[in-house]
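> Here you go, this is my_file28.txt (compact mmCIF, C-alpha atoms).
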```txt
# COMPACT_ATOMS: atom_id res chain seq x y z
CA MET A 25 56.33 -42.68 -19.88
CA ASP A 26 54.09 -40.04 -18.32
CA SER A 27 53.41 -37.21 -20.81
CA VAL A 28 52.93 -34.64 -18.01
CA PHE A 29 56.33 -35.60 -16.60
CA GLU A 30 57.98 -35.25 -20.01
CA GLU A 31 56.30 -31.88 -20.63
CA GLN A 32 57.57 -30.56 -17.28
CA VAL A 33 61.13 -31.63 -18.07
CA ALA A 34 60.95 -30.08 -21.56
CA SER A 35 59.48 -26.83 -20.21
CA ALA A 36 62.13 -26.53 -17.48
CA LEU A 37 64.92 -26.99 -20.04
CA GLN A 38 63.35 -24.55 -22.51
CA ASN A 39 63.13 -21.96 -19.73
CA ARG A 40 66.88 -22.37 -19.31
CA GLY A 41 67.35 -21.59 -23.02
CA TYR A 42 67.82 -25.10 -24.43
CA GLN A 43 66.34 -26.24 -27.76
CA VAL A 44 64.26 -29.30 -26.95
CA HIS A 45 62.77 -31.62 -29.58
CA PRO A 46 60.16 -34.13 -28.33
CA GLN A 47 59.72 -37.63 -29.73
CA VAL A 48 62.86 -37.92 -31.83
CA GLY A 49 62.49 -40.90 -34.18
CA ILE A 50 65.25 -43.40 -34.86
CA ALA A 51 64.95 -46.87 -36.37
CA GLY A 52 61.27 -47.22 -35.56
CA PHE A 53 61.14 -45.95 -31.98
CA PHE A 54 61.33 -42.60 -30.23
CA ILE A 55 63.60 -40.87 -27.74
CA ASP A 56 61.45 -38.82 -25.35
CA LEU A 57 63.44 -35.56 -25.56
CA ALA A 58 66.54 -34.51 -27.48
CA ILE A 59 68.68 -31.42 -26.88
CA ALA A 60 69.75 -29.74 -30.13
CA ASP A 61 73.20 -28.19 -30.46
CA PRO A 62 72.67 -24.47 -31.29
CA GLU A 63 76.23 -24.20 -32.62
CA LEU A 64 76.04 -27.17 -35.00
CA PRO A 65 72.65 -27.54 -36.75
CA GLY A 66 71.89 -31.19 -37.34
CA ARG A 67 73.60 -32.39 -34.18
CA TYR A 68 72.03 -33.43 -30.88
CA LEU A 69 73.96 -33.06 -27.66
CA LEU A 70 71.89 -35.41 -25.54
CA GLY A 71 68.96 -37.79 -25.67
CA ILE A 72 66.74 -37.83 -22.56
CA GLU A 73 64.56 -40.78 -21.57
CA CYS A 74 61.76 -39.97 -19.08
CA ASP A 75 60.83 -43.11 -17.18
CA GLY A 76 57.43 -43.13 -15.45
CA SER A 77 56.42 -45.01 -12.32
CA ALA A 78 54.99 -47.96 -14.25
CA TYR A 79 58.42 -48.50 -15.74
CA HIS A 80 59.82 -49.64 -12.36
CA SER A 81 57.52 -52.67 -12.21
CA SER A 82 58.20 -53.92 -15.74
CA ARG A 83 61.37 -55.94 -16.02
CA SER A 84 60.80 -56.58 -19.72
CA ALA A 85 60.46 -52.84 -20.37
CA ARG A 86 63.71 -52.12 -18.51
CA GLU A 87 65.55 -54.84 -20.40
CA ARG A 88 64.19 -53.67 -23.76
CA ASP A 89 65.17 -50.06 -23.08
CA ARG A 90 68.64 -51.12 -21.95
CA LEU A 91 69.12 -52.77 -25.33
CA ARG A 92 67.59 -49.79 -27.12
CA GLN A 93 69.98 -47.48 -25.34
CA ALA A 94 72.87 -49.64 -26.57
CA VAL A 95 71.57 -49.22 -30.14
CA LEU A 96 71.34 -45.44 -29.71
CA GLU A 97 74.83 -45.20 -28.23
CA ASP A 98 76.15 -47.29 -31.10
CA HIS A 99 74.80 -44.56 -33.41
CA GLY A 100 76.72 -41.91 -31.48
CA TRP A 101 73.98 -40.75 -29.10
CA ILE A 102 74.59 -39.95 -25.43
CA ILE A 103 71.62 -40.85 -23.24
CA HIS A 104 70.51 -39.51 -19.85
CA ARG A 105 67.62 -41.10 -17.94
CA ILE A 106 65.31 -39.32 -15.45
CA TRP A 107 62.99 -41.18 -13.07
CA SER A 108 59.59 -39.53 -12.51
CA THR A 109 59.71 -40.04 -8.73
CA ASP A 110 63.12 -38.33 -8.51
CA TRP A 111 61.89 -35.43 -10.66
CA PHE A 112 58.71 -34.79 -8.69
CA GLN A 113 60.51 -35.04 -5.33
CA ARG A 114 63.63 -33.03 -6.25
CA PRO A 115 62.98 -31.14 -9.52
CA GLU A 116 65.76 -28.54 -9.15
CA GLU A 117 68.35 -31.15 -8.30
CA GLN A 118 67.28 -33.35 -11.23
CA LEU A 119 67.25 -30.37 -13.59
CA GLN A 120 70.81 -29.50 -12.63
CA LYS A 121 71.84 -33.12 -13.27
CA VAL A 122 70.37 -32.85 -16.78
CA ILE A 123 72.20 -29.57 -17.40
CA ASP A 124 75.45 -31.15 -16.20
CA ALA A 125 74.81 -34.11 -18.51
CA ILE A 126 74.29 -31.72 -21.46
CA ASP A 127 77.59 -29.94 -20.70
CA ASN A 128 79.43 -33.25 -20.36
CA ALA A 129 77.87 -34.54 -23.59
CA LYS A 130 78.94 -31.44 -25.48
CA ALA A 131 82.52 -31.89 -24.28
CA GLU A 132 82.39 -35.59 -25.23
CA LEU A 133 81.06 -34.87 -28.73
CA ASN A 134 83.69 -32.17 -29.30
CA SER A 135 86.36 -34.63 -28.19
CA ARG A 136 85.04 -37.20 -30.64
CA ALA A 137 85.12 -34.61 -33.40
CA GLU A 138 88.78 -33.86 -32.69
CA HIS A 139 89.66 -37.53 -32.85
CA THR A 140 87.96 -37.86 -36.23
CA TYR A 141 90.13 -35.15 -37.77
CA GLY A 142 87.65 -32.34 -37.39
CA ARG A 143 84.61 -34.23 -38.61
CA SER A 144 81.86 -33.90 -36.03
CA ARG A 145 79.63 -36.80 -35.08
CA ALA A 146 76.66 -34.77 -36.22
CA VAL A 147 73.59 -36.87 -36.85
CA PRO A 148 72.01 -36.03 -40.25
CA ILE A 149 68.36 -35.24 -39.67
CA ASP A 150 65.23 -35.00 -41.74
CA ILE A 151 62.28 -33.13 -40.21
CA VAL A 152 59.00 -34.61 -41.39
CA ALA A 153 55.32 -34.07 -40.64
CA VAL A 154 53.46 -36.98 -39.09
CA GLU A 155 49.90 -37.50 -37.93
CA ARG A 156 50.60 -37.11 -34.22
CA GLU A 157 49.45 -34.22 -32.06
CA ASP A 158 52.09 -31.78 -30.81
CA VAL A 159 54.98 -33.85 -32.11
CA ILE A 160 57.84 -32.83 -34.34
CA GLU A 161 59.51 -35.97 -35.56
CA VAL A 162 63.19 -35.72 -36.33
CA GLY A 163 64.75 -38.86 -37.72
CA PHE A 164 67.93 -40.20 -39.25
CA ASP A 165 68.36 -39.79 -42.99
CA ARG A 166 67.86 -43.44 -43.83
CA THR A 167 69.73 -43.83 -47.11
CA ASP A 168 72.71 -46.01 -46.25
CA SER A 169 72.05 -49.49 -47.65
CA ALA A 170 75.19 -50.83 -45.97
CA ASN A 171 73.62 -50.22 -42.56
CA GLY A 172 70.26 -51.84 -43.16
CA GLN A 173 68.76 -48.65 -44.59
CA PRO A 174 66.49 -48.38 -47.62
CA VAL A 175 68.03 -47.45 -50.94
CA SER A 176 66.65 -45.00 -53.47
CA TYR A 177 64.20 -46.49 -55.93
CA GLU A 178 65.85 -47.18 -59.31
CA GLU A 179 63.58 -47.08 -62.36
CA ALA A 180 64.35 -49.28 -65.35
CA GLN A 181 65.00 -47.63 -68.71
CA PRO A 182 64.40 -50.30 -71.36
CA GLU A 183 65.43 -49.65 -74.96
CA ALA A 184 62.64 -50.12 -77.49
CA ASN A 185 63.12 -52.15 -80.64
CA LEU A 186 61.67 -49.54 -82.99
CA SER A 187 61.58 -52.05 -85.83
CA TYR A 188 58.22 -52.95 -84.35
CA ALA A 189 55.30 -51.10 -82.83
CA LEU A 190 54.93 -52.05 -79.18
CA HIS A 191 51.81 -54.16 -79.68
CA GLU A 192 53.46 -55.93 -82.66
CA THR A 193 56.77 -56.73 -80.94
CA PRO A 194 57.48 -60.50 -80.82
CA THR A 195 56.47 -61.96 -77.47
CA GLY A 196 59.95 -63.36 -76.81
CA ILE A 197 61.54 -59.92 -77.12
CA LEU A 198 58.96 -58.36 -74.84
CA ALA A 199 59.34 -61.18 -72.32
CA ASP A 200 63.08 -60.53 -72.10
CA MET A 201 62.41 -56.81 -71.60
CA VAL A 202 59.89 -57.55 -68.86
CA GLU A 203 62.40 -59.76 -67.04
CA LYS A 204 65.05 -57.02 -67.16
CA ILE A 205 62.58 -54.45 -65.85
CA VAL A 206 61.61 -56.76 -62.98
CA PHE A 207 65.28 -57.41 -62.20
CA THR A 208 65.83 -53.66 -61.77
CA GLU A 209 62.61 -52.88 -59.90
CA SER A 210 61.57 -56.06 -58.09
CA PRO A 211 58.95 -56.11 -56.70
CA ILE A 212 57.04 -54.11 -59.32
CA HIS A 213 53.35 -53.78 -60.14
CA ILE A 214 52.19 -54.86 -63.60
CA ASN A 215 50.98 -51.30 -64.24
CA GLU A 216 54.53 -50.02 -63.79
CA VAL A 217 55.88 -52.65 -66.19
CA ILE A 218 53.39 -51.44 -68.78
CA THR A 219 54.39 -47.83 -68.08
CA ARG A 220 58.12 -48.59 -68.63
CA LEU A 221 57.44 -50.28 -71.96
CA ARG A 222 55.03 -47.72 -73.39
CA SER A 223 57.44 -44.96 -72.29
CA ALA A 224 60.26 -46.73 -74.14
CA TRP A 225 58.16 -46.53 -77.29
CA GLY A 226 57.32 -42.88 -76.61
CA LEU A 227 53.63 -43.55 -76.00
CA GLN A 228 51.63 -41.28 -73.69
CA ARG A 229 49.17 -44.00 -72.73
CA ALA A 230 48.60 -47.72 -73.08
CA GLY A 231 45.28 -49.01 -74.34
CA ALA A 232 43.70 -52.40 -73.76
CA ARG A 233 45.62 -53.99 -76.66
CA ILE A 234 49.03 -52.98 -75.27
CA GLU A 235 48.03 -54.00 -71.74
CA SER A 236 47.04 -57.44 -73.05
CA VAL A 237 50.27 -57.88 -75.04
CA VAL A 238 52.48 -56.89 -72.10
CA SER A 239 50.54 -59.07 -69.65
CA HIS A 240 50.99 -62.05 -71.97
CA ALA A 241 54.72 -61.34 -72.31
CA ALA A 242 54.97 -61.19 -68.51
CA GLN A 243 53.34 -64.61 -68.25
CA ILE A 244 55.89 -66.00 -70.71
CA ALA A 245 58.71 -64.39 -68.69
CA CYS A 246 57.42 -66.11 -65.54
CA ARG A 247 57.50 -69.49 -67.28
CA LYS A 248 61.25 -69.06 -67.83
CA GLY A 249 61.60 -69.35 -64.06
CA ASN A 250 63.54 -66.23 -63.01
CA ILE A 251 60.54 -64.14 -62.04
CA TYR A 252 57.17 -64.91 -60.51
CA LYS A 253 53.91 -63.08 -59.90
CA GLU A 254 52.43 -62.47 -56.45
CA HIS A 255 49.02 -60.83 -56.72
CA GLU A 256 49.65 -57.99 -59.21
CA PHE A 257 53.37 -57.69 -58.45
CA PHE A 258 56.31 -59.32 -60.23
CA ILE A 259 59.31 -60.44 -58.18
CA HIS A 260 62.76 -61.53 -59.38
CA LYS A 261 64.14 -64.56 -57.54
CA GLU A 262 67.72 -63.24 -57.55
CA VAL A 263 66.93 -59.82 -56.09
CA THR A 264 66.83 -59.13 -52.35
CA ILE A 265 63.62 -57.29 -51.49
CA ARG A 266 64.29 -53.98 -49.71
CA LEU A 267 62.16 -51.00 -48.81
CA ARG A 268 63.03 -48.23 -51.29
CA ASN A 269 62.81 -44.46 -51.01
CA ARG A 270 60.46 -43.05 -53.65
CA GLN A 271 61.11 -39.38 -52.99
CA ASN A 272 62.77 -38.69 -56.36
CA VAL A 273 61.03 -41.14 -58.71
CA LEU A 274 59.96 -40.00 -62.18
CA SER A 275 56.93 -42.28 -62.43
CA ALA A 276 54.30 -40.61 -60.22
CA SER A 277 52.31 -43.83 -59.82
CA LEU A 278 55.21 -45.37 -57.86
CA ARG A 279 54.11 -43.16 -54.97
CA LYS A 280 50.58 -44.54 -54.94
CA PRO A 281 50.29 -46.62 -51.73
CA GLU A 282 48.22 -49.31 -53.45
CA LEU A 283 51.03 -49.86 -55.99
CA ILE A 284 53.66 -50.59 -53.31
CA ALA A 285 54.11 -54.33 -52.87
CA PRO A 286 53.10 -55.70 -49.44
CA ILE A 287 56.24 -57.84 -49.47
CA GLU A 288 58.38 -54.68 -49.80
CA ILE A 289 56.54 -52.97 -46.95
CA ALA A 290 56.97 -56.12 -44.84
CA SER A 291 60.72 -56.00 -45.45
CA GLY A 292 60.85 -52.47 -44.05
CA ILE A 293 58.71 -53.42 -41.08
CA PHE A 294 61.05 -56.25 -40.14
CA ASP A 295 64.09 -53.95 -40.44
CA ILE A 296 62.42 -51.46 -38.07
CA VAL A 297 61.21 -54.01 -35.52
CA SER A 298 64.58 -55.82 -35.50
CA ALA A 299 66.61 -52.63 -35.13
CA SER A 300 64.43 -51.15 -32.40
CA LEU A 301 63.77 -54.42 -30.54
CA GLY A 302 60.05 -53.83 -30.86
CA ALA A 303 57.85 -50.86 -31.79
CA THR A 304 54.23 -49.74 -31.60
CA GLU A 305 52.05 -49.86 -34.70
CA ASP A 306 52.07 -46.07 -34.96
CA GLU A 307 55.87 -45.99 -34.76
CA ILE A 308 56.15 -48.63 -37.48
CA ILE A 309 53.69 -46.82 -39.76
CA THR A 310 55.48 -43.49 -39.31
CA SER A 311 58.91 -45.00 -39.92
CA VAL A 312 57.88 -47.02 -42.99
CA SER A 313 56.23 -43.92 -44.43
CA ARG A 314 59.37 -41.87 -43.92
CA MET A 315 61.60 -44.61 -45.33
CA LEU A 316 59.43 -44.72 -48.44
CA GLY A 317 60.16 -41.03 -48.92
CA PHE A 318 56.83 -39.56 -47.83
CA LYS A 319 56.93 -36.35 -45.79
CA SER A 320 53.49 -37.04 -44.36
CA THR A 321 51.44 -40.18 -43.85
CA SER A 322 48.11 -40.21 -45.69
CA SER A 323 45.16 -42.25 -44.42
CA VAL A 324 45.48 -44.53 -47.47
CA LEU A 325 49.17 -45.21 -46.85
CA ARG A 326 48.49 -45.74 -43.15
CA LYS A 327 45.89 -48.40 -43.96
CA VAL A 328 48.17 -50.13 -46.50
CA ILE A 329 50.96 -50.44 -43.93
CA SER A 330 48.55 -51.40 -41.14
CA ASP A 331 47.10 -54.19 -43.31
CA VAL A 332 50.59 -55.62 -43.86
CA ILE A 333 51.28 -55.52 -40.11
CA GLU A 334 47.98 -57.33 -39.47
CA LEU A 335 48.81 -60.00 -42.04
CA GLU A 336 52.30 -60.57 -40.62
CA ILE A 337 50.83 -60.96 -37.13
CA LYS A 338 48.22 -63.37 -38.44
CA ASP A 339 50.97 -65.48 -40.02
CA ASN A 340 53.01 -65.37 -36.78
CA ARG A 341 55.93 -63.57 -38.42
CA LEU A 342 55.21 -60.72 -36.02
CA LYS A 343 53.55 -60.78 -32.61
CA GLN A 344 52.28 -58.34 -30.01
CA GLN A 345 54.10 -58.34 -26.70
CA ASP A 346 54.02 -55.85 -23.81
CA GLY A 347 52.24 -53.28 -25.97
CA LEU A 348 54.83 -53.56 -28.74
CA ILE A 349 55.08 -55.45 -32.01
CA VAL A 350 58.09 -57.76 -32.07
CA ILE A 351 59.49 -60.52 -34.28
CA GLY A 352 57.26 -63.62 -34.25
CA GLU A 353 58.03 -67.32 -34.01
CA THR A 354 57.70 -68.05 -37.73
CA ALA A 355 60.14 -65.28 -38.71
CA SER A 356 62.58 -66.35 -35.99
CA ILE A 357 62.58 -69.93 -37.32
CA GLN A 358 63.11 -68.71 -40.89
CA ASN A 359 66.03 -66.51 -39.84
CA ALA A 360 67.62 -69.36 -37.94
CA VAL A 361 67.53 -71.70 -40.93
```
Mind turning this structure into structure tokens?

Amino acid sequence: MDSVFEEQVASALQNRGYQVHPQVGIAGFFIDLAIADPELPGRYLLGIECDGSAYHSSRSARERDRLRQAVLEDHGWIIHRIWSTDWFQRPEEQLQKVIDAIDNAKAELNSRAEHTYGRSRAVPIDIVAVEREDVIEVGFDRTDSANGQPVSYEEAQPEANLSYALHETPTGILADMVEKIVFTESPIHINEVITRLRSAWGLQRAGARIESVVSHAAQIACRKGNIYKEHEFFIHKEVTIRLRNRQNVLSASLRKPELIAPIEIASGIFDIVSASLGATEDEIITSVSRMLGFKSTSSVLRKVISDVIELEIKDNRLKQQDGLIVIGETASIQNAV
């Protein structure tokens, strides 16, 4: 898509009084332009895809975007496509076609609202800042776990056995507590496990003795077979790993990028790439960051996510194709089994 072409379309519509949002994010990819409904905040009337000249010669790009458009329409969007050659040759005619499409879309959305007993098909939005020049990203509020969306992070609240000091608690009791914490928060970093336990005992910090006792209890818990350790993270075998929104967590360290398990980030990446039928690395990083509950993407978080993408490509679970990152052979075989 030619950026000059898109800017001309956006400018022409803005001059006609329309609210135009560029690069609207959904499920890991972006719609070029979206027309906001001034009467219903939070609803878009129309999504516009601006197809450049290179698009004509790429069959794979056309096929991918056809499937993407089906995904968008399944979410309630109405899409209008503009070809760059048509725009540059007949701009006024093409502009009028867009305006007609906006009017028709508004009528269609109002009709849908009437058929759903007054409930509009408004798309809930969340405006977030991202590290892209001249872009306002507006994305779906991704909180519905039933639709492949990340759930809010749930923090364990273990009950201390105050008959003992934490460092004097029998290893078996601590091991059971560790397993329950991991069941609630899998995957979880060992530092967070220590934080949950010392908080249960009302301690402001954990010294080397407590860290040693908890680490030993975690090893015992792993030997029981329900949990296992991967690097510094503990994972429960019975819990499905999902990317979780950390926006409202109480433990501040949960928002440290280095304390987010690579396997959890990978889960989010695969959700994004599968839903969007491929995405660029920047789109994946932005979407994962937003799904984790971050309003902006720090350089540290960007590197953490990028490293996971690189590892997944190296292991053939993801691959690069036509400038996008898509599902790789290894992941496809695993999903088929």
> Which residues are near A:Leu278? Cut-off 10 Å, all atoms listed in the file, ignore same chain within fewer than 6 positions. Put them as a list of chain:residue names.
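Here the answer would be A:Tyr177, A:Glu179, A:Ile212, A:His213, A:Asn215, A:Glu216, A:Arg270, A:Gln271, A:Ile284.
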> With all atoms listed in the file as the counted atoms, please give the residues lying no more than 10 Å from A:Ile329, apart from itself and same-chain residues fewer than 4 positions off, as a count of residues only.
18
> Could you work out how far atom CA of A:Ala125 lies from atom CA of A:Gln32, giving the answer in Å with one decimal?
17.6 Å
> So that I can see what lies close to A:Thr208, please list as a VMD selection string the residues with an atom at most 9 Å from it, counting all atoms listed in the file and leaving out residues fewer than 6 positions away in the same chain.
chain A and resid 178 to 180 260 263
> Have a look at atom CA of A:Thr354 and atom CA of A:Leu342 and let me know their distance in Å, one decimal.
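Separating atom CA of A:Thr354 from atom CA of A:Leu342 is a distance of 7.9 Å.
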> Given the block above, output stretch 199-218 of chain A with N, CA, C and O atoms as an mmCIF file, in the first residue's frame.

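Now in result_13.cif:
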```cif
data_model
loop_
_atom_site.group_PDB
_atom_site.id
_atom_site.type_symbol
_atom_site.label_atom_id
_atom_site.label_comp_id
_atom_site.auth_asym_id
_atom_site.auth_seq_id
_atom_site.Cartn_x
_atom_site.Cartn_y
_atom_site.Cartn_z
ATOM 1 N N ALA A 199 5.643 -26.893 49.468
ATOM 2 C CA ALA A 199 5.573 -27.459 48.120
ATOM 3 C C ALA A 199 4.132 -27.465 47.606
ATOM 4 O O ALA A 199 3.877 -27.157 46.441
ATOM 5 N N ASP A 200 3.195 -27.825 48.492
ATOM 6 C CA ASP A 200 1.783 -27.799 48.108
ATOM 7 C C ASP A 200 1.330 -26.378 47.775
ATOM 8 O O ASP A 200 0.567 -26.156 46.830
ATOM 9 N N MET A 201 1.799 -25.401 48.546
ATOM 10 C CA MET A 201 1.436 -24.010 48.303
ATOM 11 C C MET A 201 2.012 -23.535 46.971
ATOM 12 O O MET A 201 1.336 -22.830 46.205
ATOM 13 N N VAL A 202 3.239 -23.926 46.686
ATOM 14 C CA VAL A 202 3.862 -23.562 45.416
ATOM 15 C C VAL A 202 3.054 -24.117 44.251
ATOM 16 O O VAL A 202 2.771 -23.404 43.266
ATOM 17 N N GLU A 203 2.650 -25.386 44.352
ATOM 18 C CA GLU A 203 1.888 -26.010 43.270
ATOM 19 C C GLU A 203 0.572 -25.274 43.029
ATOM 20 O O GLU A 203 0.165 -25.065 41.874
ATOM 21 N N LYS A 204 -0.100 -24.856 44.103
ATOM 22 C CA LYS A 204 -1.370 -24.139 43.961
ATOM 23 C C LYS A 204 -1.154 -22.763 43.326
ATOM 24 O O LYS A 204 -1.961 -22.310 42.524
ATOM 25 N N ILE A 205 -0.067 -22.116 43.700
ATOM 26 C CA ILE A 205 0.253 -20.813 43.091
ATOM 27 C C ILE A 205 0.499 -20.984 41.601
ATOM 28 O O ILE A 205 -0.007 -20.211 40.775
ATOM 29 N N VAL A 206 1.272 -22.005 41.239
ATOM 30 C CA VAL A 206 1.583 -22.246 39.824
ATOM 31 C C VAL A 206 0.314 -22.604 39.052
ATOM 32 O O VAL A 206 0.128 -22.169 37.904
ATOM 33 N N PHE A 207 -0.588 -23.350 39.684
ATOM 34 C CA PHE A 207 -1.840 -23.712 39.019
ATOM 35 C C PHE A 207 -2.636 -22.453 38.654
ATOM 36 O O PHE A 207 -3.216 -22.355 37.570
ATOM 37 N N THR A 208 -2.631 -21.474 39.546
ATOM 38 C CA THR A 208 -3.370 -20.229 39.306
ATOM 39 C C THR A 208 -2.682 -19.336 38.300
ATOM 40 O O THR A 208 -3.336 -18.689 37.464
ATOM 41 N N GLU A 209 -1.332 -19.310 38.316
ATOM 42 C CA GLU A 209 -0.602 -18.302 37.543
ATOM 43 C C GLU A 209 0.329 -18.862 36.474
ATOM 44 O O GLU A 209 1.141 -18.128 35.926
ATOM 45 N N SER A 210 0.205 -20.115 36.140
ATOM 46 C CA SER A 210 1.098 -20.721 35.146
ATOM 47 C C SER A 210 1.002 -20.025 33.795
ATOM 48 O O SER A 210 -0.109 -19.774 33.298
ATOM 49 N N PRO A 211 2.176 -19.694 33.192
ATOM 50 C CA PRO A 211 3.539 -19.835 33.717
ATOM 51 C C PRO A 211 3.899 -18.651 34.600
ATOM 52 O O PRO A 211 3.494 -17.521 34.341
ATOM 53 N N ILE A 212 4.701 -18.918 35.647
ATOM 54 C CA ILE A 212 5.044 -17.887 36.622
ATOM 55 C C ILE A 212 6.527 -17.960 36.963
ATOM 56 O O ILE A 212 7.090 -19.053 37.115
ATOM 57 N N HIS A 213 7.154 -16.811 37.082
ATOM 58 C CA HIS A 213 8.574 -16.729 37.409
ATOM 59 C C HIS A 213 8.782 -17.062 38.881
ATOM 60 O O HIS A 213 7.933 -16.763 39.726
ATOM 61 N N ILE A 214 9.911 -17.665 39.210
ATOM 62 C CA ILE A 214 10.211 -18.041 40.584
ATOM 63 C C ILE A 214 10.162 -16.823 41.515
ATOM 64 O O ILE A 214 9.728 -16.929 42.666
ATOM 65 N N ASN A 215 10.560 -15.660 41.012
ATOM 66 C CA ASN A 215 10.505 -14.458 41.851
ATOM 67 C C ASN A 215 9.083 -14.126 42.276
ATOM 68 O O ASN A 215 8.850 -13.652 43.390
ATOM 69 N N GLU A 216 8.120 -14.376 41.392
ATOM 70 C CA GLU A 216 6.721 -14.118 41.724
ATOM 71 C C GLU A 216 6.205 -15.129 42.740
ATOM 72 O O GLU A 216 5.395 -14.792 43.610
ATOM 73 N N VAL A 217 6.653 -16.367 42.633
ATOM 74 C CA VAL A 217 6.266 -17.380 43.620
ATOM 75 C C VAL A 217 6.748 -16.958 45.003
ATOM 76 O O VAL A 217 6.003 -17.022 45.998
ATOM 77 N N ILE A 218 7.977 -16.498 45.067
ATOM 78 C CA ILE A 218 8.539 -16.024 46.336
ATOM 79 C C ILE A 218 7.740 -14.836 46.857
ATOM 80 O O ILE A 218 7.424 -14.751 48.051
#
```
